[in-house]
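*Asks:* Got query.json for you, JSON, C-alpha atoms:
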```json
[["chain", "number", "residue", "atom", "x", "y", "z"],
["V", 1, "MET", "CA", 18.06, -15.74, -11.11],
["V", 2, "LEU", "CA", 16.49, -15.86, -14.59],
["V", 3, "ASP", "CA", 15.07, -12.35, -14.35],
["V", 4, "ILE", "CA", 18.35, -11.00, -12.91],
["V", 5, "VAL", "CA", 20.23, -12.32, -15.93],
["V", 6, "ALA", "CA", 17.50, -11.01, -18.23],
["V", 7, "ARG", "CA", 17.73, -7.62, -16.52],
["V", 8, "LEU", "CA", 21.44, -7.42, -17.30],
["V", 9, "VAL", "CA", 21.04, -8.54, -20.88],
["V", 10, "LEU", "CA", 18.04, -6.31, -21.56],
["V", 11, "SER", "CA", 19.15, -3.30, -19.54],
["V", 12, "PRO", "CA", 19.33, -0.85, -22.48],
["V", 13, "LEU", "CA", 15.80, -1.78, -23.58],
["V", 14, "LEU", "CA", 14.46, -1.71, -20.04],
["V", 15, "VAL", "CA", 15.88, 1.77, -19.43],
["V", 16, "ALA", "CA", 14.36, 3.00, -22.69],
["V", 17, "GLN", "CA", 10.99, 1.51, -21.82],
["V", 18, "ALA", "CA", 11.06, 2.97, -18.30],
["V", 19, "LEU", "CA", 11.87, 6.45, -19.65],
["V", 20, "HIS", "CA", 9.09, 6.18, -22.22],
["V", 21, "VAL", "CA", 6.57, 5.12, -19.58],
["V", 22, "ARG", "CA", 7.60, 8.00, -17.35],
["V", 23, "ARG", "CA", 7.22, 10.55, -20.17],
["V", 24, "SER", "CA", 3.96, 9.24, -21.60],
["V", 25, "ALA", "CA", 2.06, 8.07, -18.50],
["V", 26, "GLN", "CA", -1.16, 9.85, -17.63],
["V", 27, "ASN", "CA", -0.65, 11.96, -14.52],
["V", 28, "LEU", "CA", -3.70, 11.40, -12.32],
["V", 29, "PRO", "CA", -4.22, 13.48, -9.16],
["V", 30, "GLU", "CA", -4.63, 12.20, -5.63],
["V", 31, "ALA", "CA", -8.26, 11.86, -4.53],
["V", 32, "ALA", "CA", -9.80, 15.00, -3.08],
["V", 33, "GLY", "CA", -11.47, 15.11, 0.30],
["V", 34, "PRO", "CA", -10.77, 14.93, 4.03],
["V", 35, "ARG", "CA", -7.68, 13.11, 5.27],
["V", 36, "ARG", "CA", -8.70, 12.88, 8.88],
["V", 37, "GLY", "CA", -11.84, 12.77, 10.93],
["V", 38, "THR", "CA", -14.12, 10.75, 13.19],
["V", 39, "SER", "CA", -16.85, 8.47, 11.88],
["V", 40, "GLY", "CA", -19.26, 5.86, 13.21],
["V", 41, "MET", "CA", -20.55, 4.80, 16.60],
["V", 42, "GLY", "CA", -19.32, 2.25, 19.09],
["V", 43, "PRO", "CA", -16.05, 1.55, 20.88],
["V", 44, "PRO", "CA", -13.25, 3.94, 19.91],
["V", 45, "LEU", "CA", -10.75, 2.81, 17.27],
["V", 46, "LYS", "CA", -7.76, 4.97, 16.37],
["V", 47, "LEU", "CA", -6.68, 4.25, 12.79],
["V", 48, "ALA", "CA", -3.95, 5.53, 10.49],
["V", 49, "ILE", "CA", -3.48, 4.71, 6.80],
["V", 50, "ILE", "CA", 0.03, 5.27, 5.48],
["V", 51, "GLY", "CA", 1.38, 4.85, 1.99],
["V", 52, "ASP", "CA", 1.90, 5.95, -1.58],
["V", 53, "SER", "CA", -0.31, 7.08, -4.46],
["V", 54, "SER", "CA", -2.71, 4.15, -4.16],
["V", 55, "ALA", "CA", -3.21, 4.84, -0.47],
["V", 56, "ALA", "CA", -3.73, 8.49, -1.47],
["V", 57, "GLY", "CA", -6.57, 7.43, -3.78],
["V", 58, "VAL", "CA", -5.05, 8.10, -7.19],
["V", 59, "GLY", "CA", -7.47, 6.66, -9.73],
["V", 60, "VAL", "CA", -10.68, 7.96, -8.15],
["V", 61, "ALA", "CA", -11.90, 11.52, -7.69],
["V", 62, "GLN", "CA", -12.84, 11.48, -3.98],
["V", 63, "GLN", "CA", -11.42, 9.93, -0.84],
["V", 64, "SER", "CA", -14.88, 8.55, -0.13],
["V", 65, "ARG", "CA", -14.33, 6.14, -3.06],
["V", 66, "ALA", "CA", -10.69, 5.41, -2.18],
["V", 67, "LEU", "CA", -9.24, 3.03, 0.40],
["V", 68, "SER", "CA", -9.45, 5.44, 3.33],
["V", 69, "GLY", "CA", -13.07, 6.46, 2.83],
["V", 70, "GLN", "CA", -14.40, 2.99, 2.16],
["V", 71, "LEU", "CA", -12.40, 1.38, 4.98],
["V", 72, "VAL", "CA", -13.60, 3.99, 7.48],
["V", 73, "GLN", "CA", -17.18, 3.55, 6.30],
["V", 74, "ILE", "CA", -17.08, -0.21, 6.89],
["V", 75, "LEU", "CA", -15.36, 0.04, 10.27],
["V", 76, "GLY", "CA", -17.69, 2.87, 11.28],
["V", 77, "ALA", "CA", -20.55, 0.37, 11.45],
["V", 78, "TYR", "CA", -18.81, -1.19, 14.46],
["V", 79, "PHE", "CA", -16.57, 1.50, 15.96],
["V", 80, "SER", "CA", -16.22, 5.19, 16.48],
["V", 81, "VAL", "CA", -13.24, 5.53, 14.16],
["V", 82, "GLU", "CA", -10.78, 8.37, 14.68],
["V", 83, "TRP", "CA", -8.75, 8.20, 11.49],
["V", 84, "GLN", "CA", -6.01, 9.92, 9.55],
["V", 85, "LEU", "CA", -4.47, 9.42, 6.11],
["V", 86, "ASP", "CA", -0.75, 10.02, 5.55],
["V", 87, "ALA", "CA", -0.10, 9.14, 1.90],
["V", 88, "GLN", "CA", 1.74, 10.80, -0.94],
["V", 89, "SER", "CA", 2.23, 9.99, -4.61],
["V", 90, "GLY", "CA", 5.70, 8.72, -5.45],
["V", 91, "SER", "CA", 6.41, 7.57, -1.91],
["V", 92, "THR", "CA", 8.94, 4.82, -1.36],
["V", 93, "THR", "CA", 9.75, 3.06, 1.89],
["V", 94, "PRO", "CA", 12.76, 5.38, 2.55],
["V", 95, "SER", "CA", 10.82, 8.57, 1.75],
["V", 96, "THR", "CA", 7.98, 7.44, 4.02],
["V", 97, "ILE", "CA", 10.44, 6.84, 6.86],
["V", 98, "SER", "CA", 11.79, 10.34, 6.27],
["V", 99, "ARG", "CA", 8.28, 11.83, 6.21],
["V", 100, "LEU", "CA", 7.48, 10.13, 9.51],
["V", 101, "THR", "CA", 10.26, 12.06, 11.21],
["V", 102, "GLN", "CA", 7.88, 15.03, 11.05],
["V", 103, "SER", "CA", 4.97, 13.10, 12.56],
["V", 104, "THR", "CA", 3.64, 13.70, 16.04],
["V", 105, "SER", "CA", 3.90, 10.78, 18.43],
["V", 106, "ARG", "CA", 0.45, 9.58, 19.44],
["V", 107, "PRO", "CA", -1.03, 6.17, 20.35],
["V", 108, "LEU", "CA", -2.94, 4.29, 17.63],
["V", 109, "ASP", "CA", -4.85, 1.05, 17.64],
["V", 110, "VAL", "CA", -4.46, 0.07, 13.99],
["V", 111, "ILE", "CA", -2.10, 1.13, 11.20],
["V", 112, "VAL", "CA", -2.75, 0.13, 7.58],
["V", 113, "ILE", "CA", 0.19, 0.38, 5.16],
["V", 114, "GLY", "CA", -0.17, 0.54, 1.38],
["V", 115, "LEU", "CA", 3.36, 0.95, 0.09],
["V", 116, "GLY", "CA", 5.99, -0.73, -2.08],
["V", 117, "VAL", "CA", 5.15, -0.31, -5.77],
["V", 118, "ASN", "CA", 7.65, 2.54, -6.16],
["V", 119, "ASP", "CA", 10.30, 0.42, -4.46],
["V", 120, "VAL", "CA", 9.66, -2.26, -7.08],
["V", 121, "THR", "CA", 9.93, 0.18, -10.00],
["V", 122, "ARG", "CA", 13.28, 1.28, -8.62],
["V", 123, "LEU", "CA", 14.36, -2.39, -8.52],
["V", 124, "THR", "CA", 15.38, -2.04, -4.88],
["V", 125, "ARG", "CA", 17.52, -5.00, -3.84],
["V", 126, "THR", "CA", 15.73, -7.55, -1.70],
["V", 127, "GLY", "CA", 17.98, -7.36, 1.36],
["V", 128, "LYS", "CA", 18.00, -3.58, 1.30],
["V", 129, "TRP", "CA", 14.21, -3.44, 1.00],
["V", 130, "ILE", "CA", 13.62, -5.78, 3.92],
["V", 131, "THR", "CA", 15.95, -3.64, 6.03],
["V", 132, "GLN", "CA", 13.99, -0.55, 5.00],
["V", 133, "GLN", "CA", 10.69, -2.25, 5.81],
["V", 134, "LYS", "CA", 11.98, -3.23, 9.24],
["V", 135, "THR", "CA", 13.05, 0.37, 9.86],
["V", 136, "LEU", "CA", 9.60, 1.59, 8.82],
["V", 137, "ILE", "CA", 7.79, -0.80, 11.16],
["V", 138, "ASP", "CA", 10.13, 0.03, 14.03],
["V", 139, "ARG", "CA", 9.54, 3.73, 13.44],
["V", 140, "LEU", "CA", 5.77, 3.25, 13.54],
["V", 141, "ARG", "CA", 6.03, 1.22, 16.73],
["V", 142, "THR", "CA", 8.06, 3.98, 18.37],
["V", 143, "LEU", "CA", 5.77, 6.77, 17.17],
["V", 144, "HIS", "CA", 2.38, 5.20, 17.71],
["V", 145, "ASN", "CA", 2.70, 2.01, 19.77],
["V", 146, "PRO", "CA", -0.01, 0.40, 17.61],
["V", 147, "LYS", "CA", -1.83, -2.69, 18.75],
["V", 148, "HIS", "CA", -1.60, -4.09, 15.22],
["V", 149, "ILE", "CA", -0.16, -3.18, 11.82],
["V", 150, "TYR", "CA", -1.74, -4.43, 8.58],
["V", 151, "ILE", "CA", 0.49, -4.39, 5.50],
["V", 152, "SER", "CA", -1.10, -4.55, 2.06],
["V", 153, "GLY", "CA", 0.56, -7.04, -0.24],
["V", 154, "LEU", "CA", 2.21, -5.88, -3.44],
["V", 155, "PRO", "CA", -0.13, -6.02, -6.44],
["V", 156, "PRO", "CA", 0.61, -8.23, -9.47],
["V", 157, "MET", "CA", 2.67, -5.68, -11.37],
["V", 158, "GLY", "CA", 3.12, -8.17, -14.18],
["V", 159, "ASP", "CA", -0.54, -7.39, -15.01],
["V", 160, "PHE", "CA", -0.26, -3.58, -15.13],
["V", 161, "PRO", "CA", -1.50, -2.47, -18.58],
["V", 162, "LEU", "CA", 0.72, 0.62, -18.61],
["V", 163, "LEU", "CA", 3.92, -1.41, -18.56],
["V", 164, "PRO", "CA", 5.28, -2.85, -21.83],
["V", 165, "HIS", "CA", 7.04, -6.18, -22.03],
["V", 166, "PRO", "CA", 9.72, -7.13, -21.06],
["V", 167, "LEU", "CA", 9.65, -4.36, -18.41],
["V", 168, "ARG", "CA", 6.30, -5.65, -17.13],
["V", 169, "TRP", "CA", 7.68, -9.19, -16.79],
["V", 170, "ILE", "CA", 10.80, -7.98, -14.96],
["V", 171, "LEU", "CA", 8.86, -5.82, -12.48],
["V", 172, "GLY", "CA", 6.26, -8.52, -11.91],
["V", 173, "ARG", "CA", 8.90, -11.07, -10.98],
["V", 174, "HIS", "CA", 10.76, -8.58, -8.81],
["V", 175, "ALA", "CA", 7.57, -7.73, -6.92],
["V", 176, "ARG", "CA", 6.94, -11.41, -6.24],
["V", 177, "ARG", "CA", 10.51, -11.87, -4.99],
["V", 178, "LEU", "CA", 10.27, -8.93, -2.60],
["V", 179, "GLU", "CA", 6.92, -10.20, -1.33],
["V", 180, "ARG", "CA", 8.25, -13.70, -0.63],
["V", 181, "HIS", "CA", 11.01, -12.30, 1.55],
["V", 182, "ARG", "CA", 8.71, -9.84, 3.29],
["V", 183, "ARG", "CA", 6.18, -12.59, 4.02],
["V", 184, "ALA", "CA", 8.90, -14.72, 5.64],
["V", 185, "TRP", "CA", 10.02, -11.82, 7.82],
["V", 186, "LEU", "CA", 6.52, -10.74, 8.83],
["V", 187, "ALA", "CA", 5.76, -14.30, 9.93],
["V", 188, "THR", "CA", 8.09, -13.54, 12.85],
["V", 189, "CYS", "CA", 6.20, -10.33, 13.81],
["V", 190, "PRO", "CA", 3.13, -11.09, 15.97],
["V", 191, "ASP", "CA", 1.95, -7.48, 15.80],
["V", 192, "CYS", "CA", 1.91, -7.43, 11.98],
["V", 193, "THR", "CA", -0.34, -9.04, 9.38],
["V", 194, "LEU", "CA", 0.39, -9.19, 5.66],
["V", 195, "VAL", "CA", -2.85, -8.90, 3.68],
["V", 196, "PRO", "CA", -2.00, -10.37, 0.25],
["V", 197, "PHE", "CA", -3.29, -8.84, -2.96],
["V", 198, "ASP", "CA", -4.84, -11.96, -4.46],
["V", 199, "LEU", "CA", -7.08, -10.34, -7.07],
["V", 200, "PRO", "CA", -6.52, -10.93, -10.80],
["V", 201, "LEU", "CA", -6.34, -7.51, -12.42],
["V", 202, "ARG", "CA", -9.02, -7.31, -15.08],
["V", 203, "PRO", "CA", -8.96, -4.20, -17.31],
["V", 204, "ASP", "CA", -11.95, -2.69, -15.46],
["V", 205, "MET", "CA", -10.04, -2.95, -12.19],
["V", 206, "MET", "CA", -7.41, -0.43, -13.31],
["V", 207, "ALA", "CA", -7.68, 3.35, -13.57],
["V", 208, "SER", "CA", -7.39, 5.06, -16.94],
["V", 209, "ASP", "CA", -3.61, 5.38, -16.51],
["V", 210, "GLY", "CA", -3.18, 1.59, -16.46],
["V", 211, "PHE", "CA", -1.18, 1.77, -13.24],
["V", 212, "HIS", "CA", -3.48, 2.70, -10.33],
["V", 213, "PRO", "CA", -6.60, 1.03, -8.91],
["V", 214, "ALA", "CA", -10.05, 1.79, -10.23],
["V", 215, "ALA", "CA", -13.00, 2.35, -7.89],
["V", 216, "ILE", "CA", -13.97, -1.34, -7.89],
["V", 217, "THR", "CA", -10.46, -2.33, -6.79],
["V", 218, "TYR", "CA", -10.49, 0.19, -3.95],
["V", 219, "THR", "CA", -13.81, -1.30, -2.84],
["V", 220, "LEU", "CA", -12.44, -4.85, -2.83],
["V", 221, "TRP", "CA", -9.22, -3.71, -1.12],
["V", 222, "ALA", "CA", -11.15, -1.91, 1.63],
["V", 223, "LYS", "CA", -13.49, -4.87, 2.19],
["V", 224, "GLU", "CA", -10.58, -7.31, 2.52],
["V", 225, "MET", "CA", -8.67, -5.04, 4.87],
["V", 226, "ALA", "CA", -11.75, -4.37, 7.00],
["V", 227, "SER", "CA", -12.48, -8.10, 7.17],
["V", 228, "ARG", "CA", -8.98, -8.80, 8.51],
["V", 229, "ILE", "CA", -9.23, -6.01, 11.07],
["V", 230, "LEU", "CA", -12.66, -7.07, 12.27],
["V", 231, "SER", "CA", -11.62, -10.71, 12.57],
["V", 232, "ASP", "CA", -8.74, -9.68, 14.85],
["V", 233, "TRP", "CA", -10.64, -7.01, 16.71],
["V", 234, "PRO", "CA", -13.82, -8.41, 18.30],
["V", 235, "ILE", "CA", -16.44, -5.73, 18.80],
["V", 236, "HIS", "CA", -16.59, -6.37, 22.54],
["V", 237, "ARG", "CA", -12.86, -5.82, 22.89],
["V", 238, "GLU", "CA", -11.90, -2.68, 24.81],
["V", 239, "THR", "CA", -9.57, -0.28, 22.92]]
```
Turn the structure described in the file into structure tokens.
*Replies:*
Amino acid sequence: MLDIVARLVLSPLLVAQALHVRRSAQNLPEAAGPRRGTSGMGPPLKLAIIGDSSAAGVGVAQQSRALSGQLVQILGAYFSVEWQLDAQSGSTTPSTISRLTQSTSRPLDVIVIGLGVNDVTRLTRTGKWITQQKTLIDRLRTLHNPKHIYISGLPPMGDFPLLPHPLRWILGRHARRLERHRRAWLATCPDCTLVPFDLPLRPDMMASDGFHPAAITYTLWAKEMASRILSDWPIHRET
């Protein structure tokens, strides 16, 4: 409630800060490199990574250093991974749902989702966002019948260097509120796992724009996600 009241009182300043950030922010490109392929040896594992600019690797030059490349490399030590990346800068939950309407229906084993920061910056209402997230998960179930979906937790946006205060404080609290509600909902979904972002964001963990992950953060993100997948997916399990 405190931040909602603060948002109303500070709305002219927050709008001004948001416009300034949008005008002055460094515009980094998505990572270059393949967005699909097959890698590794072992039992087959069909994987899709879906999300926004962070999932697309903004902050590093090549996909091999981003989430997709590092995750596939780790999993490729245990599986023959057939993978694809569907990520786009600026994506929100609604725009991702819309983009998925163009996707081809095909079975997948694992889906990894990295999405939500742009929903936070738009101050999407909690109830509306949870409804959108449910629609997204239902759409993925219908399209791909995945055996499991792993959802990356929202990062601590209150630590993003790009954002000035009080905008940083407002967005940080809003991200935590959305995450609390999403965690409660996902606890009722046996085919979904929320993988929290529990890392403190040191300056070296952020890209030069102060908003996206640096290479070290992508490495830690990929290792945590791979650990969760491997713990749920014993190597002897048939896929």
*Asks:* Which residue out of V:Val81, V:Ala55, V:Ala215, V:Val110 has the minimum interatomic distance to His144 of chain V when all atoms listed in the file are used?
*Replies:* V:Val110
*Asks:* Write out as a PyMOL selection string which residues come within 9 Å of segment 91-97 of chain V when counting all atoms listed in the file, dropping same-chain ones fewer than 3 positions away.
*Replies:* chain V and resi 50-53+87-88+100-101+115-119+129+132-133+135-136+139-140
*Asks:* Provide the atom CA of Lys147 of chain V to atom CA of Cys189 of chain V distance in Å, to one decimal place.
*Replies:*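 A separation of 12.1 Å between them.
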*Asks:* Draw an axis-aligned box over all listed atoms of segment 132-145 of chain V, pad each side with 4 Å, and write its centre and edge lengths in Å, one decimal, as JSON.
*Replies:*
```
{"center_x": 8.2, "center_y": 1.8, "center_z": 12.4, "size_x": 19.6, "size_y": 18.0, "size_z": 22.8}
```
*Asks:* Residues around (-0.2, 11.1, 23.9), cut-off 12 Å, counting only C-alpha atoms - what are they as an MDAnalysis selection string?
*Replies:* chainID V and resid 104:108 143:145
*Asks:* I'd like the contact shell of Trp83 of chain V - 6 Å cut-off, all atoms listed in the file, skipping same-chain residues fewer than 2 positions apart - returned as a list in words.
*Replies:* Arg36, Gly37, Lys46, Leu47, Ala48 and Val81 of chain V
*Asks:* Which polymer residues have any atom within 12 Å of an atom of Ala184 of chain V, counting all atoms listed in the file, with same-chain residues fewer than 6 positions away left out, as a ChimeraX atom specification?
*Replies:* /V:130,177-178,192-194
*Asks:* Rounded to one decimal place, report the atom CA of Tyr78 of chain V-atom CA of Leu45 of chain V distance in Å.
*Replies:*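 Value for the atom CA of Tyr78 of chain V-atom CA of Leu45 of chain V distance: 9.4 Å.
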*Asks:* When you draw a straight line from atom CA of Phe160 of chain V to atom CA of Ser208 of chain V, how long is it in Å?
*Replies:* 11.3 Å
*Asks:* Using all atoms listed in the file, what table do you get, as a tab-separated table, when you list each residue of segment 127-198 of chain V with an atom no more than 12 Å from segment 219-225 of chain V, its nearest pair of atoms, and their distance in Å rounded to one decimal, rows by chain then rising number?
*Replies:*
```
residue	atom	partner	partner_atom	distance
V:Ile149	CA	V:Met225	CA	11.1
V:Tyr150	CA	V:Met225	CA	7.9
V:Ile151	CA	V:Met225	CA	9.2
V:Ser152	CA	V:Met225	CA	8.1
V:Gly153	CA	V:Trp221	CA	10.4
V:Leu154	CA	V:Trp221	CA	11.9
V:Pro155	CA	V:Trp221	CA	10.8
V:Thr193	CA	V:Met225	CA	10.3
V:Leu194	CA	V:Met225	CA	10.0
V:Val195	CA	V:Met225	CA	7.1
V:Pro196	CA	V:Glu224	CA	9.4
V:Phe197	CA	V:Trp221	CA	8.1
V:Asp198	CA	V:Trp221	CA	9.9
```
*Asks:* Counting only C-alpha atoms, select every polymer residue within 8 Å of (-11.3, 3.8, -0.1) as defined in the file's coordinates, and provide the selection as a JSON list (two decimals) with C-alpha atoms, in the coordinates of the input.
*Replies:*
```json
[["chain", "number", "residue", "atom", "x", "y", "z"],
["V", 57, "GLY", "CA", -6.57, 7.43, -3.78],
["V", 63, "GLN", "CA", -11.42, 9.93, -0.84],
["V", 64, "SER", "CA", -14.88, 8.55, -0.13],
["V", 65, "ARG", "CA", -14.33, 6.14, -3.06],
["V", 66, "ALA", "CA", -10.69, 5.41, -2.18],
["V", 67, "LEU", "CA", -9.24, 3.03, 0.40],
["V", 68, "SER", "CA", -9.45, 5.44, 3.33],
["V", 69, "GLY", "CA", -13.07, 6.46, 2.83],
["V", 70, "GLN", "CA", -14.40, 2.99, 2.16],
["V", 71, "LEU", "CA", -12.40, 1.38, 4.98],
["V", 72, "VAL", "CA", -13.60, 3.99, 7.48],
["V", 218, "TYR", "CA", -10.49, 0.19, -3.95],
["V", 219, "THR", "CA", -13.81, -1.30, -2.84],
["V", 221, "TRP", "CA", -9.22, -3.71, -1.12],
["V", 222, "ALA", "CA", -11.15, -1.91, 1.63]]
```
*Asks:* Name the closest residue to His212 of chain V among the candidates V:Gln17, V:Arg23, V:Pro156, V:Ser39; distances are taken between atoms, counting all atoms listed in the file.
*Replies:* V:Pro156
*Asks:* Could you check the closest approach to Met205 of chain V for each of V:His174, V:Arg122, V:Ala16, V:Asp159 and tell me which residue wins, using only C-alpha atoms?
*Replies:*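 Residue with the minimum atom-to-atom distance to Met205 of chain V: V:Asp159.
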*Asks:* Nearest to Val60 of chain V among V:Pro43, V:Glu30, V:Gly172, V:Asp86, with distances taken over only C-alpha atoms: which residue is it?
*Replies:*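 When distances to Val60 of chain V are compared using only C-alpha atoms, the smallest one comes from V:Glu30.
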*Asks:* Taking all atoms listed in the file into account, which of V:Met206, V:Ala214, V:Leu167, V:Met157 comes nearest Pro12 of chain V?
*Replies:*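 Looking only at the distances to Pro12 of chain V, the closest residue turns out to be V:Leu167.
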*Asks:* So that I can check the surroundings of Ala18 of chain V, please list as an MDAnalysis selection string every protein, DNA and RNA residue that reaches within 10 Å of it, counting all atoms listed in the file and ignoring chain neighbours fewer than 3 positions away.
*Replies:* chainID V and resid 13:15 21:23 121 163:164 167:168
*Asks:* Counting only C-alpha atoms, which residue out of V:Leu75, V:Ile113, V:Leu162, V:Ala31 sits closest to Ala226 of chain V?
*Replies:*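 Once distances to Ala226 of chain V are computed over only C-alpha atoms, the minimum belongs to V:Leu75.
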*Asks:* Kindly add N, CA and C atoms to the incomplete segment 139-161 of chain V and provide the output as a PDB file, in the coordinates of the input.
*Replies:*
```pdb
ATOM      1  N   ARG V 139       9.862   2.319  13.272  1.00  0.00           N
ATOM      2  CA  ARG V 139       9.540   3.730  13.440  1.00  0.00           C
ATOM      3  C   ARG V 139       8.082   3.907  13.842  1.00  0.00           C
ATOM      4  N   LEU V 140       7.197   3.160  13.214  1.00  0.00           N
ATOM      5  CA  LEU V 140       5.770   3.250  13.540  1.00  0.00           C
ATOM      6  C   LEU V 140       5.496   2.747  14.956  1.00  0.00           C
ATOM      7  N   ARG V 141       6.190   1.710  15.359  1.00  0.00           N
ATOM      8  CA  ARG V 141       6.030   1.220  16.730  1.00  0.00           C
ATOM      9  C   ARG V 141       6.442   2.285  17.742  1.00  0.00           C
ATOM     10  N   THR V 142       7.559   2.948  17.460  1.00  0.00           N
ATOM     11  CA  THR V 142       8.060   3.980  18.370  1.00  0.00           C
ATOM     12  C   THR V 142       7.120   5.182  18.419  1.00  0.00           C
ATOM     13  N   LEU V 143       6.634   5.594  17.252  1.00  0.00           N
ATOM     14  CA  LEU V 143       5.770   6.770  17.170  1.00  0.00           C
ATOM     15  C   LEU V 143       4.393   6.538  17.765  1.00  0.00           C
ATOM     16  N   HIS V 144       3.808   5.384  17.464  1.00  0.00           N
ATOM     17  CA  HIS V 144       2.380   5.200  17.710  1.00  0.00           C
ATOM     18  C   HIS V 144       2.024   4.014  18.593  1.00  0.00           C
ATOM     19  N   ASN V 145       2.974   3.169  18.938  1.00  0.00           N
ATOM     20  CA  ASN V 145       2.700   2.010  19.770  1.00  0.00           C
ATOM     21  C   ASN V 145       1.402   1.313  19.364  1.00  0.00           C
ATOM     22  N   PRO V 146       1.258   0.969  18.068  1.00  0.00           N
ATOM     23  CA  PRO V 146      -0.010   0.400  17.610  1.00  0.00           C
ATOM     24  C   PRO V 146      -0.238  -0.994  18.177  1.00  0.00           C
ATOM     25  N   LYS V 147      -1.514  -1.329  18.324  1.00  0.00           N
ATOM     26  CA  LYS V 147      -1.830  -2.690  18.750  1.00  0.00           C
ATOM     27  C   LYS V 147      -1.629  -3.676  17.609  1.00  0.00           C
ATOM     28  N   HIS V 148      -1.850  -3.214  16.360  1.00  0.00           N
ATOM     29  CA  HIS V 148      -1.600  -4.090  15.220  1.00  0.00           C
ATOM     30  C   HIS V 148      -1.354  -3.270  13.965  1.00  0.00           C
ATOM     31  N   ILE V 149      -0.502  -3.823  13.098  1.00  0.00           N
ATOM     32  CA  ILE V 149      -0.160  -3.180  11.820  1.00  0.00           C
ATOM     33  C   ILE V 149      -0.550  -4.145  10.702  1.00  0.00           C
ATOM     34  N   TYR V 150      -1.312  -3.641   9.737  1.00  0.00           N
ATOM     35  CA  TYR V 150      -1.740  -4.430   8.580  1.00  0.00           C
ATOM     36  C   TYR V 150      -1.026  -3.899   7.337  1.00  0.00           C
ATOM     37  N   ILE V 151      -0.301  -4.784   6.650  1.00  0.00           N
ATOM     38  CA  ILE V 151       0.490  -4.390   5.500  1.00  0.00           C
ATOM     39  C   ILE V 151      -0.140  -4.962   4.237  1.00  0.00           C
ATOM     40  N   SER V 152      -0.522  -4.087   3.315  1.00  0.00           N
ATOM     41  CA  SER V 152      -1.100  -4.550   2.060  1.00  0.00           C
ATOM     42  C   SER V 152      -0.021  -5.203   1.199  1.00  0.00           C
ATOM     43  N   GLY V 153      -0.364  -6.351   0.640  1.00  0.00           N
ATOM     44  CA  GLY V 153       0.560  -7.040  -0.240  1.00  0.00           C
ATOM     45  C   GLY V 153       0.780  -6.278  -1.531  1.00  0.00           C
ATOM     46  N   LEU V 154       1.919  -6.508  -2.158  1.00  0.00           N
ATOM     47  CA  LEU V 154       2.210  -5.880  -3.440  1.00  0.00           C
ATOM     48  C   LEU V 154       1.246  -6.421  -4.507  1.00  0.00           C
ATOM     49  N   PRO V 155       0.765  -5.557  -5.374  1.00  0.00           N
ATOM     50  CA  PRO V 155      -0.130  -6.020  -6.440  1.00  0.00           C
ATOM     51  C   PRO V 155       0.637  -6.776  -7.520  1.00  0.00           C
ATOM     52  N   PRO V 156      -0.061  -7.505  -8.383  1.00  0.00           N
ATOM     53  CA  PRO V 156       0.610  -8.230  -9.470  1.00  0.00           C
ATOM     54  C   PRO V 156       1.049  -7.280 -10.580  1.00  0.00           C
ATOM     55  N   MET V 157       2.220  -6.707 -10.431  1.00  0.00           N
ATOM     56  CA  MET V 157       2.670  -5.680 -11.370  1.00  0.00           C
ATOM     57  C   MET V 157       2.909  -6.237 -12.766  1.00  0.00           C
ATOM     58  N   GLY V 158       3.026  -7.539 -12.875  1.00  0.00           N
ATOM     59  CA  GLY V 158       3.120  -8.170 -14.180  1.00  0.00           C
ATOM     60  C   GLY V 158       1.831  -8.070 -14.979  1.00  0.00           C
ATOM     61  N   ASP V 159       0.747  -7.563 -14.338  1.00  0.00           N
ATOM     62  CA  ASP V 159      -0.540  -7.390 -15.010  1.00  0.00           C
ATOM     63  C   ASP V 159      -0.856  -5.926 -15.287  1.00  0.00           C
ATOM     64  N   PHE V 160       0.032  -4.999 -14.953  1.00  0.00           N
ATOM     65  CA  PHE V 160      -0.260  -3.580 -15.130  1.00  0.00           C
ATOM     66  C   PHE V 160      -0.285  -3.229 -16.616  1.00  0.00           C
ATOM     67  N   PRO V 161      -1.411  -2.760 -17.152  1.00  0.00           N
ATOM     68  CA  PRO V 161      -1.500  -2.470 -18.580  1.00  0.00           C
ATOM     69  C   PRO V 161      -0.522  -1.406 -19.068  1.00  0.00           C
TER      70      PRO V 161
END
```
